[in-house]
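Trainee: Structure supplied as upload_39.cif; contents: mmCIF, C-alpha atoms.
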```cif
data_start
loop_
_atom_site.label_atom_id
_atom_site.label_comp_id
_atom_site.auth_asym_id
_atom_site.auth_seq_id
_atom_site.Cartn_x
_atom_site.Cartn_y
_atom_site.Cartn_z
CA MET A 12 118.40 115.39 101.42
CA GLY A 13 115.01 113.76 101.10
CA THR A 14 113.65 110.86 103.11
CA LEU A 15 110.80 108.45 102.60
CA ARG A 16 109.88 108.98 106.25
CA HIS A 17 108.46 112.35 105.21
CA PHE A 18 105.45 110.53 103.76
CA ASP A 19 102.58 108.71 105.45
CA LEU A 20 103.28 105.27 103.96
CA LYS A 21 100.53 103.55 105.92
CA GLY A 22 97.99 106.06 104.65
CA LEU A 23 99.20 105.62 101.06
CA LEU A 24 99.13 101.83 101.29
CA ASP A 25 95.65 101.87 102.80
CA ALA A 26 94.35 104.29 100.18
CA TYR A 27 95.93 102.77 97.07
CA GLN A 28 96.66 99.13 98.01
CA CYS A 29 100.27 99.26 96.85
CA GLN A 30 101.83 95.83 97.28
CA VAL A 31 105.22 96.43 95.65
CA TYR A 32 107.84 99.02 96.58
CA LEU A 33 110.47 100.10 94.04
CA GLU A 34 113.16 102.70 94.62
CA THR A 35 115.79 103.91 92.21
CA LEU A 36 118.68 104.68 94.54
CA THR A 37 119.42 102.47 97.55
CA GLY A 38 122.24 104.39 99.19
CA THR A 39 122.95 102.50 102.40
CA GLY A 40 119.37 101.26 102.62
CA ASP A 41 117.64 103.76 104.93
CA ASN A 42 114.54 104.18 102.79
CA VAL A 43 114.06 100.55 101.75
CA LEU A 44 114.58 99.49 105.38
CA HIS A 45 111.86 101.94 106.41
CA ALA A 46 109.55 100.68 103.64
CA ALA A 47 110.17 97.09 104.75
CA SER A 48 108.43 97.85 108.06
CA PHE A 49 105.15 98.26 106.15
CA GLY A 50 103.00 95.71 104.34
CA PHE A 51 104.72 95.46 100.97
CA GLU A 52 104.86 91.95 99.53
CA ARG A 53 108.04 92.71 97.57
CA LEU A 54 110.62 95.48 97.73
CA PHE A 55 113.14 96.32 95.01
CA SER A 56 115.97 98.83 95.08
CA ALA A 57 118.86 99.69 92.75
CA GLU A 58 122.32 101.06 93.40
CA THR A 59 125.56 101.33 91.42
CA ALA A 60 127.86 102.34 94.30
CA THR A 61 129.26 98.99 95.45
CA GLU A 62 130.24 100.16 98.94
CA ALA A 63 126.79 101.57 99.66
CA LEU A 64 125.05 98.52 98.18
CA ASN A 65 127.09 96.15 100.36
CA GLN A 66 126.14 98.13 103.47
CA ALA A 67 122.48 98.06 102.48
CA ARG A 68 122.57 94.31 101.82
CA ALA A 69 124.04 93.72 105.28
CA ARG A 70 121.34 95.87 106.89
CA LEU A 71 118.55 94.08 105.01
CA ALA A 72 119.90 90.54 105.30
CA GLY A 73 116.93 89.58 107.48
CA VAL A 74 114.33 90.90 105.02
CA PRO A 75 113.90 88.24 102.30
CA ARG A 76 111.13 90.30 100.62
CA ALA A 77 113.74 92.96 99.75
CA GLN A 78 115.82 92.51 96.61
CA LEU A 79 118.74 94.93 96.25
CA LEU A 80 120.13 95.08 92.74
CA TYR A 81 123.39 96.35 91.33
CA ALA A 82 121.71 98.34 88.56
CA THR A 83 121.10 101.82 87.23
CA ARG A 84 117.76 103.52 87.81
CA GLU A 85 116.69 102.90 84.24
CA ASP A 86 117.81 99.27 84.26
CA VAL A 87 115.94 98.40 87.44
CA LEU A 88 112.72 99.72 85.91
CA LYS A 89 113.29 97.69 82.74
CA ALA A 90 114.06 94.56 84.75
CA VAL A 91 111.34 94.71 87.40
CA LEU A 92 108.30 96.38 85.84
CA PRO A 93 107.54 93.68 83.25
CA LEU A 94 107.31 91.20 86.15
CA VAL A 95 104.62 93.15 88.02
CA PRO A 96 101.05 92.85 86.68
CA ALA A 97 99.63 96.20 85.56
CA GLN A 98 96.69 95.89 87.95
CA LEU A 99 99.04 95.54 90.96
CA PRO A 100 99.87 99.06 92.23
CA ILE A 101 103.50 99.92 92.91
CA LEU A 102 104.76 102.61 95.24
CA PHE A 103 107.77 104.24 93.56
CA TRP A 104 110.42 106.22 95.41
CA LEU A 105 112.35 108.02 92.68
CA ASP A 106 115.54 109.88 93.41
CA GLY A 107 115.77 113.03 91.31
CA HIS A 108 119.42 113.73 92.22
CA GLU A 109 122.65 113.14 90.40
CA PRO A 110 123.97 109.56 90.72
CA GLY A 111 125.53 109.27 94.13
CA PRO A 112 128.25 111.86 94.81
CA ALA A 113 128.03 110.85 98.45
CA TYR A 114 129.39 107.46 97.41
CA HIS A 115 132.29 108.77 95.28
CA GLN A 116 130.48 108.44 91.98
CA ALA A 117 130.47 110.72 88.96
CA LYS A 118 129.11 114.23 89.34
CA TYR A 119 127.63 116.75 86.97
CA GLY A 120 129.45 119.86 85.97
CA PRO A 121 132.93 120.48 84.52
CA GLY A 122 134.57 117.19 83.62
CA GLY A 123 131.39 115.29 84.47
CA ASN A 124 129.35 113.08 82.21
CA ASP A 125 126.47 114.90 80.52
CA ALA A 126 124.64 111.57 80.32
CA LEU A 127 124.35 111.81 84.11
CA ARG A 128 121.93 114.74 83.97
CA PRO A 129 119.15 114.84 86.55
CA PRO A 130 117.22 111.68 85.69
CA LEU A 131 113.59 112.48 86.45
CA GLU A 132 112.37 113.21 82.93
CA SER A 133 113.68 109.93 81.53
CA LEU A 134 112.38 107.96 84.53
CA MET A 135 108.90 109.45 84.21
CA ALA A 136 108.83 108.68 80.48
CA GLN A 137 109.87 105.11 81.23
CA LEU A 138 107.13 104.70 83.85
CA ARG A 139 104.50 106.04 81.48
CA GLN A 140 105.67 103.69 78.72
CA LEU A 141 106.01 100.55 80.88
CA ARG A 142 102.98 101.16 83.16
CA PRO A 143 100.52 103.12 80.97
CA ARG A 144 97.32 102.00 82.70
CA SER A 145 98.56 101.50 86.23
CA ARG A 146 97.34 103.08 89.45
CA ASP A 147 100.78 103.53 90.92
CA VAL A 148 101.86 106.02 93.57
CA ILE A 149 104.99 107.96 92.59
CA LEU A 150 107.03 109.82 95.19
CA VAL A 151 110.04 111.88 94.11
CA ASN A 152 112.74 113.67 96.08
CA GLY A 153 115.13 116.35 94.89
CA LEU A 154 112.57 118.70 93.33
CA ARG A 155 114.86 121.70 93.79
CA ALA A 156 117.11 120.39 90.99
CA TYR A 157 114.20 121.04 88.60
CA GLU A 158 112.60 124.27 89.75
CA ASP A 159 113.02 127.12 92.21
CA GLY A 160 110.94 127.32 95.34
CA PRO A 161 110.96 127.99 99.09
CA TYR A 162 112.78 124.77 99.98
CA ALA A 163 113.59 124.09 103.63
CA ASP A 164 117.14 123.07 102.59
CA GLY A 165 117.58 126.19 100.44
CA ALA A 166 118.21 126.56 96.72
CA VAL A 167 120.08 123.93 94.74
CA PRO A 168 123.85 124.40 95.20
CA VAL A 169 125.46 126.13 92.23
CA PRO A 170 127.93 123.29 91.36
CA GLU A 171 124.96 120.90 91.11
CA HIS A 172 122.97 123.35 88.99
CA LYS A 173 123.43 121.42 85.74
CA LEU A 174 120.16 122.27 84.03
CA ALA A 175 119.92 125.50 82.05
CA PHE A 176 117.31 127.93 83.35
CA TYR A 177 114.94 127.13 80.44
CA ASP A 178 115.13 123.40 81.28
CA ARG A 179 114.47 123.87 84.99
CA ASN A 180 110.83 122.92 85.21
CA ILE A 181 108.63 119.88 85.71
CA ASP A 182 106.36 120.47 82.71
CA PHE A 183 107.20 116.93 81.57
CA VAL A 184 105.57 115.51 84.72
CA PHE A 185 102.32 117.34 84.04
CA ARG A 186 102.34 116.43 80.34
CA GLN A 187 102.61 112.74 81.11
CA PHE A 188 100.58 112.36 84.32
CA ARG A 189 98.07 115.21 84.66
CA HIS A 190 95.19 113.12 83.28
CA THR A 191 95.78 110.11 85.53
CA HIS A 192 97.33 111.48 88.73
CA THR A 193 97.03 114.31 91.21
CA ILE A 194 100.44 116.02 91.36
CA VAL A 195 101.48 117.85 94.53
CA ARG A 196 104.67 119.79 95.22
CA ASP A 197 106.14 119.78 98.73
CA TYR A 198 108.95 122.19 99.65
CA ALA A 199 110.18 120.36 102.76
CA ASP A 200 113.84 119.31 102.79
CA ASP A 201 115.13 119.55 99.18
CA GLY A 202 111.65 119.23 97.72
CA TYR A 203 109.28 116.42 96.86
CA LEU A 204 106.64 115.52 94.31
CA ALA A 205 103.78 113.20 95.18
CA LEU A 206 101.72 111.69 92.35
CA THR A 207 98.65 109.77 93.43
CA PRO A 208 96.05 108.12 91.18
CA ARG A 209 92.89 110.12 90.47
#
```
Show this structure as structure tokens.
Mentor:
Amino acid sequence: MGTLRHFDLKGLLDAYQCQVYLETLTGTGDNVLHAASFGFERLFSAETATEALNQARARLAGVPRAQLLYATREDVLKAVLPLVPAQLPILFWLDGHEPGPAYHQAKYGPGGNDALRPPLESLMAQLRQLRPRSRDVILVNGLRAYEDGPYADGAVPVPEHKLAFYDRNIDFVFRQFRHTHTIVRDYADDGYLALTPR
């Protein structure tokens, strides 16, 4: 499982002046709570597992800058991004996993919902469409769902291996961001991508 603590947030904020933090899966709030200890003016996070969201809200009750939304990943981007000026850099923490099996939500695989495929491609397309000229920092966890590699946590478990072998790649990331961002793979934990403005 990935963690935002893996990254040097202070270094990223100093280098790219990100003032807004937006994550696409709250869980019980570990990552947004960690981000709140840095200099972000506003923090946004989305979750559809009610139990997890309630825990996160309790943990972040003393952080008025943090807004935790009952929303899907796609819906939080649609709701928040039009409110943030394009010239104001955002630090994104995108979860590349399936939607919350740890919180008793739907899973991929037999009997699952094919609409709940690994979400990264649609999220990246949405970011490119809604923030075409931005200088955002984009951090992603769960890279092993998209391609093989020497991950510290091992290969993606077979039941979670929803993508066909010919779909397991991150070509879509390079197509959309190679001209504007430096893209770095990191094989720690279950894998990360870090996209920083050129």
Trainee: Please, what distance in Å, to one decimal, runs between CA of His108 (chain A) and CA of Ala136 (chain A)?
Mentor: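 Value for the CA of His108 (chain A)-CA of Ala136 (chain A) distance: 16.6 Å.
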Trainee: As an exercise, work out the distance from CA of Ala46 (chain A) to CA of Asn65 (chain A) in Å and give it to one decimal place.
Mentor: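 For CA of Ala46 (chain A) relative to CA of Asn65 (chain A), the distance reads 18.4 Å.
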Trainee: Could you name the residues that touch Ile149 (chain A) at 6 Å or less, counting all atoms listed in the file, but leaving out those on the same chain fewer than 6 positions away, as a ChimeraX atom specification?
Mentor: /A:102-103,205-206
Trainee: Anything within 12 Å of (116.5, 95.5, 103.9): list those residues as JSON, numbers by chain, counting only C-alpha atoms and sticking to the file's coordinates.
Mentor: {"A": [32, 37, 38, 39, 40, 41, 42, 43, 44, 45, 46, 47, 48, 49, 53, 54, 55, 56, 64, 65, 66, 67, 68, 69, 70, 71, 72, 73, 74, 75, 76, 77, 78, 79, 80]}
Trainee: Take the selection from the previous step and output its residues with C-alpha atoms, as a tab-separated table (two decimals), in the frame of the given file.
Mentor:
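Done, and the output landed in part11.tsv:
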```tsv
chain	number	residue	atom	x	y	z
A	32	TYR	CA	107.84	99.02	96.58
A	37	THR	CA	119.42	102.47	97.55
A	38	GLY	CA	122.24	104.39	99.19
A	39	THR	CA	122.95	102.50	102.40
A	40	GLY	CA	119.37	101.26	102.62
A	41	ASP	CA	117.64	103.76	104.93
A	42	ASN	CA	114.54	104.18	102.79
A	43	VAL	CA	114.06	100.55	101.75
A	44	LEU	CA	114.58	99.49	105.38
A	45	HIS	CA	111.86	101.94	106.41
A	46	ALA	CA	109.55	100.68	103.64
A	47	ALA	CA	110.17	97.09	104.75
A	48	SER	CA	108.43	97.85	108.06
A	49	PHE	CA	105.15	98.26	106.15
A	53	ARG	CA	108.04	92.71	97.57
A	54	LEU	CA	110.62	95.48	97.73
A	55	PHE	CA	113.14	96.32	95.01
A	56	SER	CA	115.97	98.83	95.08
A	64	LEU	CA	125.05	98.52	98.18
A	65	ASN	CA	127.09	96.15	100.36
A	66	GLN	CA	126.14	98.13	103.47
A	67	ALA	CA	122.48	98.06	102.48
A	68	ARG	CA	122.57	94.31	101.82
A	69	ALA	CA	124.04	93.72	105.28
A	70	ARG	CA	121.34	95.87	106.89
A	71	LEU	CA	118.55	94.08	105.01
A	72	ALA	CA	119.90	90.54	105.30
A	73	GLY	CA	116.93	89.58	107.48
A	74	VAL	CA	114.33	90.90	105.02
A	75	PRO	CA	113.90	88.24	102.30
A	76	ARG	CA	111.13	90.30	100.62
A	77	ALA	CA	113.74	92.96	99.75
A	78	GLN	CA	115.82	92.51	96.61
A	79	LEU	CA	118.74	94.93	96.25
A	80	LEU	CA	120.13	95.08	92.74
```
Trainee: Report the distance between CA of Val167 (chain A) and CA of Leu204 (chain A) in Å, rounded to one decimal place.
Mentor: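 It comes out at 15.9 Å.
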Trainee: To test your reading of the syntax: which residues would the PyMOL selection byres ((chain A and resi 141) around 10) return for the file shown? Reply as an MDAnalysis selection string.
Mentor: chainID A and resid 88:89 92:93 97 135:140 142:145
Trainee: Taking the file as shown, find all residues satisfying the PyMOL selection byres ((chain A and resi 196-200) around 8) and write them as a VMD selection string.
Mentor: chain A and resid 12 to 13 160 to 164 194 to 195 201 to 205
Trainee: Draw an axis-aligned box over all listed atoms of region 177-185 of chain A, pad each side with 4 Å, and write its centre and edge lengths in Å, one decimal, as lines of an AutoDock Vina configuration file.
Mentor:
```
center_x = 108.7
center_y = 121.3
center_z = 83.1
size_x = 20.8
size_y = 19.6
size_z = 13.3
```
Trainee: Pick from A:Glu132, A:Leu36, A:Cys29, A:Arg155: nearest to Phe51 (chain A), with all atoms listed in the file counted?
Mentor: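 For Phe51 (chain A), the nearest of the given residues is A:Cys29.
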Trainee: Need to verify the contact set: region 105-107 of chain A, 7 Å, all atoms listed in the file, exclusion of same-chain residues closer than 2 positions in sequence. Can you return it as a ChimeraX atom specification?
Mentor: /A:34-36,103,109,129-131,150-154
Trainee: Using only C-alpha atoms, which of A:Pro208, A:Gly165, A:Gly22, A:Gly50 sits nearest His190 (chain A)?
Mentor: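 Of A:Pro208, A:Gly165, A:Gly22, A:Gly50, the one nearest His190 (chain A) is A:Pro208, counting only C-alpha atoms.
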Trainee: Which of these, A:Ala57, A:Ala90, A:Ala26, A:Val148, has the shortest distance to Phe188 (chain A) once you count all atoms listed in the file?
Mentor: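 Among A:Ala57, A:Ala90, A:Ala26, A:Val148, it is A:Val148 that comes nearest to Phe188 (chain A).
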Trainee: Counting only C-alpha atoms, which of A:Ser133, A:Phe18, A:Ala156, A:Thr83 gets nearest to Val184 (chain A)?
Mentor: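 For Val184 (chain A), the nearest of the given residues is A:Ser133.
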Trainee: Given only C-alpha atoms as the basis, pick out the residue of A:Glu52, A:Glu158, A:Thr61, A:Leu15 nearest to Ile181 (chain A).
Mentor: A:Glu158
